[in-house]
Amino acid sequence: MKIDLTMSDIGQIQRLIKQRKTSIFGWAKKYDAGYLSEESELEIETLNELYDKLLDYRKDI
């Protein structure tokens with residue numbers, strides 16, 4: 001399945017990814033966890049992969 005994204009779409013998605021990552025790290029800091037749960041680490045990894053794919057997609061536009 002192919003989805004056509006505009007530069008604006010990509011920018012908005014990237015901002016949402018950054019906001020979510022900030023939220024995850026903020027939660028860990030707020031509760032002085034000193035670590036991320038396995039679920040949070042997996043989510044961060046997935047967000048990083050998505051962000052990288054968006055950068056690659058952006059280069060092809």
# chains A, B, ... in the order shown; residues from 1 in each chain; ligands from 1
$ residues_around --residues "region 47-50 of chain A" --least-positions-apart "2" --cutoff "10 Å" --atoms "only C-alpha atoms" --output "list in words"
Ile13, Gln14, Leu16, Ile17, Lys18, Arg20, Lys21, Glu41, Leu42, Glu43, Ile44, Glu45, Asp52, Lys53, Leu54, Leu55 and Asp56 of chain A
$ write_last_selection --atoms "all heavy atoms" --output "short mmCIF file (atom, residue, chain, number, x, y, z; two decimals), in the first residue's frame"
data_model
loop_
_atom_site.label_atom_id
_atom_site.label_comp_id
_atom_site.auth_asym_id
_atom_site.auth_seq_id
_atom_site.Cartn_x
_atom_site.Cartn_y
_atom_site.Cartn_z
N ILE A 13 3.95 14.71 11.36
CA ILE A 13 4.18 13.39 11.95
C ILE A 13 5.47 13.39 12.77
O ILE A 13 5.53 12.84 13.87
CB ILE A 13 4.22 12.30 10.86
CG1 ILE A 13 2.85 12.17 10.19
CG2 ILE A 13 4.65 10.95 11.45
CD1 ILE A 13 2.85 11.35 8.91
N GLN A 14 6.51 14.03 12.25
CA GLN A 14 7.78 14.10 12.98
C GLN A 14 7.61 14.85 14.29
O GLN A 14 8.16 14.45 15.32
CB GLN A 14 8.85 14.75 12.11
CG GLN A 14 9.32 13.85 10.99
CD GLN A 14 10.28 14.53 10.04
OE1 GLN A 14 10.14 15.71 9.73
NE2 GLN A 14 11.25 13.78 9.58
N LEU A 16 4.86 15.03 16.08
CA LEU A 16 4.12 14.13 16.97
C LEU A 16 5.03 13.05 17.56
O LEU A 16 4.91 12.71 18.74
CB LEU A 16 2.96 13.47 16.22
CG LEU A 16 1.80 14.39 15.86
CD1 LEU A 16 0.82 13.68 14.93
CD2 LEU A 16 1.09 14.89 17.11
N ILE A 17 5.95 12.54 16.75
CA ILE A 17 6.90 11.54 17.24
C ILE A 17 7.76 12.16 18.34
O ILE A 17 7.96 11.55 19.40
CB ILE A 17 7.77 11.01 16.08
CG1 ILE A 17 6.92 10.12 15.16
CG2 ILE A 17 8.97 10.23 16.61
CD1 ILE A 17 7.61 9.75 13.86
N LYS A 18 8.28 13.35 18.10
CA LYS A 18 9.12 14.02 19.10
C LYS A 18 8.33 14.28 20.38
O LYS A 18 8.86 14.10 21.49
CB LYS A 18 9.67 15.33 18.54
CG LYS A 18 10.75 15.13 17.50
CD LYS A 18 11.24 16.46 16.96
CE LYS A 18 12.25 16.27 15.87
NZ LYS A 18 12.72 17.54 15.31
N ARG A 20 5.76 12.59 21.55
CA ARG A 20 5.53 11.32 22.25
C ARG A 20 6.80 10.86 22.96
O ARG A 20 6.75 10.40 24.10
CB ARG A 20 5.05 10.25 21.25
CG ARG A 20 4.80 8.91 21.89
CD ARG A 20 3.67 9.00 22.91
NE ARG A 20 3.55 7.73 23.61
CZ ARG A 20 3.30 7.61 24.90
NH1 ARG A 20 3.07 8.68 25.64
NH2 ARG A 20 3.23 6.44 25.45
N LYS A 21 7.95 10.98 22.30
CA LYS A 21 9.21 10.59 22.94
C LYS A 21 9.47 11.46 24.16
O LYS A 21 9.89 10.96 25.21
CB LYS A 21 10.35 10.69 21.94
CG LYS A 21 10.32 9.56 20.91
CD LYS A 21 11.32 9.75 19.79
CE LYS A 21 12.73 9.79 20.25
NZ LYS A 21 13.71 9.85 19.16
N GLU A 41 10.76 1.27 26.05
CA GLU A 41 11.95 1.15 25.19
C GLU A 41 11.57 0.67 23.79
O GLU A 41 12.09 1.18 22.80
CB GLU A 41 12.97 0.19 25.82
CG GLU A 41 13.69 0.79 27.00
CD GLU A 41 14.75 -0.14 27.57
OE1 GLU A 41 15.05 -1.18 26.96
OE2 GLU A 41 15.28 0.19 28.64
N LEU A 42 10.64 -0.28 23.73
CA LEU A 42 10.18 -0.77 22.44
C LEU A 42 9.45 0.32 21.67
O LEU A 42 9.64 0.49 20.47
CB LEU A 42 9.26 -1.98 22.63
CG LEU A 42 8.71 -2.63 21.37
CD1 LEU A 42 9.83 -3.10 20.45
CD2 LEU A 42 7.80 -3.79 21.73
N GLU A 43 8.65 1.11 22.38
CA GLU A 43 7.94 2.22 21.73
C GLU A 43 8.92 3.25 21.19
O GLU A 43 8.77 3.74 20.07
CB GLU A 43 6.95 2.87 22.69
CG GLU A 43 6.09 3.92 22.03
CD GLU A 43 5.01 4.50 22.93
OE1 GLU A 43 4.85 4.05 24.08
OE2 GLU A 43 4.34 5.43 22.46
N ILE A 44 9.93 3.58 21.98
CA ILE A 44 10.96 4.54 21.53
C ILE A 44 11.67 4.01 20.28
O ILE A 44 11.89 4.74 19.31
CB ILE A 44 11.98 4.83 22.66
CG1 ILE A 44 11.32 5.60 23.80
CG2 ILE A 44 13.21 5.57 22.12
CD1 ILE A 44 11.00 7.04 23.51
N GLU A 45 12.01 2.74 20.30
CA GLU A 45 12.69 2.13 19.16
C GLU A 45 11.80 2.20 17.91
O GLU A 45 12.26 2.55 16.82
CB GLU A 45 13.02 0.67 19.49
CG GLU A 45 13.81 -0.04 18.41
CD GLU A 45 14.15 -1.46 18.82
OE1 GLU A 45 14.55 -1.67 19.99
OE2 GLU A 45 14.03 -2.35 17.97
N ASP A 52 13.07 7.67 11.09
CA ASP A 52 14.09 7.44 10.06
C ASP A 52 13.46 7.15 8.70
O ASP A 52 13.95 7.64 7.67
CB ASP A 52 15.01 6.29 10.46
CG ASP A 52 15.91 6.64 11.63
OD1 ASP A 52 16.07 7.84 11.94
OD2 ASP A 52 16.46 5.71 12.26
N LYS A 53 12.38 6.39 8.68
CA LYS A 53 11.70 6.10 7.42
C LYS A 53 11.11 7.36 6.82
O LYS A 53 11.13 7.55 5.59
CB LYS A 53 10.62 5.04 7.63
CG LYS A 53 11.18 3.66 7.83
CD LYS A 53 10.11 2.63 8.02
CE LYS A 53 10.75 1.28 8.28
NZ LYS A 53 9.78 0.21 8.41
N LEU A 54 10.60 8.24 7.67
CA LEU A 54 10.07 9.50 7.18
C LEU A 54 11.18 10.37 6.58
O LEU A 54 10.97 11.04 5.56
CB LEU A 54 9.36 10.27 8.30
CG LEU A 54 8.00 9.73 8.70
CD1 LEU A 54 7.52 10.40 9.98
CD2 LEU A 54 6.99 9.92 7.59
N LEU A 55 12.36 10.34 7.20
CA LEU A 55 13.49 11.10 6.63
C LEU A 55 13.87 10.56 5.26
O LEU A 55 14.12 11.33 4.33
CB LEU A 55 14.70 11.03 7.57
CG LEU A 55 14.60 11.83 8.87
CD1 LEU A 55 15.85 11.59 9.72
CD2 LEU A 55 14.41 13.31 8.60
N ASP A 56 13.89 9.24 5.13
CA ASP A 56 14.20 8.62 3.83
C ASP A 56 13.13 8.98 2.79
O ASP A 56 13.46 9.30 1.65
CB ASP A 56 14.30 7.10 3.96
CG ASP A 56 15.52 6.65 4.73
OD1 ASP A 56 16.48 7.46 4.88
OD2 ASP A 56 15.53 5.50 5.21
#
$ atom_distance --atom1 "CA of Asp4 (chain A)" --atom2 "CA of Lys59 (chain A)"
13.6 Å
$ atom_distance --atom1 "CA of Ile10 (chain A)" --atom2 "CA of Tyr51 (chain A)"
9.2 Å
$ closest_residue --among "A:Gly11, A:Leu5, A:Thr22, A:Tyr57" --to "Ser40 (chain A)" --atoms "only C-alpha atoms"
A:Thr22
$ residues_around --residues "Ile61 (chain A)" --least-positions-apart "3" --cutoff "9 Å" --atoms "only C-alpha atoms" --output "JSON, numbers by chain"
{"A": [6, 7, 57, 58]}
$ select_by_dssp --residues "chain A" --states "helix (DSSP H, G or I)" --output "VMD selection string"
chain A and resid 7 to 30 38 to 60
$ write_last_selection --atoms "C-alpha atoms" --output "mmCIF file, in the first residue's frame"
data_model
loop_
_atom_site.group_PDB
_atom_site.id
_atom_site.type_symbol
_atom_site.label_atom_id
_atom_site.label_comp_id
_atom_site.auth_asym_id
_atom_site.auth_seq_id
_atom_site.Cartn_x
_atom_site.Cartn_y
_atom_site.Cartn_z
ATOM 1 C CA MET A 7 6.219 17.772 3.250
ATOM 2 C CA SER A 8 3.721 19.299 5.667
ATOM 3 C CA ASP A 9 2.338 15.837 6.550
ATOM 4 C CA ILE A 10 5.843 14.548 7.216
ATOM 5 C CA GLY A 11 6.681 17.565 9.382
ATOM 6 C CA GLN A 12 3.526 17.100 11.440
ATOM 7 C CA ILE A 13 4.181 13.387 11.952
ATOM 8 C CA GLN A 14 7.776 14.102 12.977
ATOM 9 C CA ARG A 15 6.584 16.656 15.535
ATOM 10 C CA LEU A 16 4.122 14.128 16.965
ATOM 11 C CA ILE A 17 6.901 11.545 17.240
ATOM 12 C CA LYS A 18 9.115 14.017 19.100
ATOM 13 C CA GLN A 19 6.246 14.964 21.420
ATOM 14 C CA ARG A 20 5.532 11.319 22.246
ATOM 15 C CA LYS A 21 9.208 10.593 22.941
ATOM 16 C CA THR A 22 9.387 13.670 25.183
ATOM 17 C CA SER A 23 6.312 12.443 27.012
ATOM 18 C CA ILE A 24 7.826 8.989 27.609
ATOM 19 C CA PHE A 25 11.117 10.406 28.881
ATOM 20 C CA GLY A 26 9.259 13.020 30.934
ATOM 21 C CA TRP A 27 7.244 10.303 32.662
ATOM 22 C CA ALA A 28 10.413 8.423 33.590
ATOM 23 C CA LYS A 29 11.963 11.616 34.958
ATOM 24 C CA LYS A 30 8.817 12.688 36.818
ATOM 25 C CA GLU A 38 10.632 -2.639 28.310
ATOM 26 C CA GLU A 39 7.380 -1.465 26.707
ATOM 27 C CA SER A 40 8.588 2.152 26.641
ATOM 28 C CA GLU A 41 11.952 1.149 25.191
ATOM 29 C CA LEU A 42 10.178 -0.775 22.438
ATOM 30 C CA GLU A 43 7.939 2.217 21.726
ATOM 31 C CA ILE A 44 10.957 4.542 21.530
ATOM 32 C CA GLU A 45 12.686 2.126 19.158
ATOM 33 C CA THR A 46 9.581 1.943 16.957
ATOM 34 C CA LEU A 47 9.239 5.744 16.946
ATOM 35 C CA ASN A 48 12.905 6.111 15.972
ATOM 36 C CA GLU A 49 12.450 3.655 13.087
ATOM 37 C CA LEU A 50 9.363 5.514 11.876
ATOM 38 C CA TYR A 51 11.187 8.848 12.118
ATOM 39 C CA ASP A 52 14.091 7.443 10.063
ATOM 40 C CA LYS A 53 11.704 6.097 7.418
ATOM 41 C CA LEU A 54 10.075 9.505 7.179
ATOM 42 C CA LEU A 55 13.488 11.098 6.634
ATOM 43 C CA ASP A 56 14.201 8.623 3.832
ATOM 44 C CA TYR A 57 10.762 9.256 2.304
ATOM 45 C CA ARG A 58 11.381 12.987 2.489
ATOM 46 C CA LYS A 59 14.643 12.625 0.543
ATOM 47 C CA ASP A 60 12.780 10.846 -2.268
#
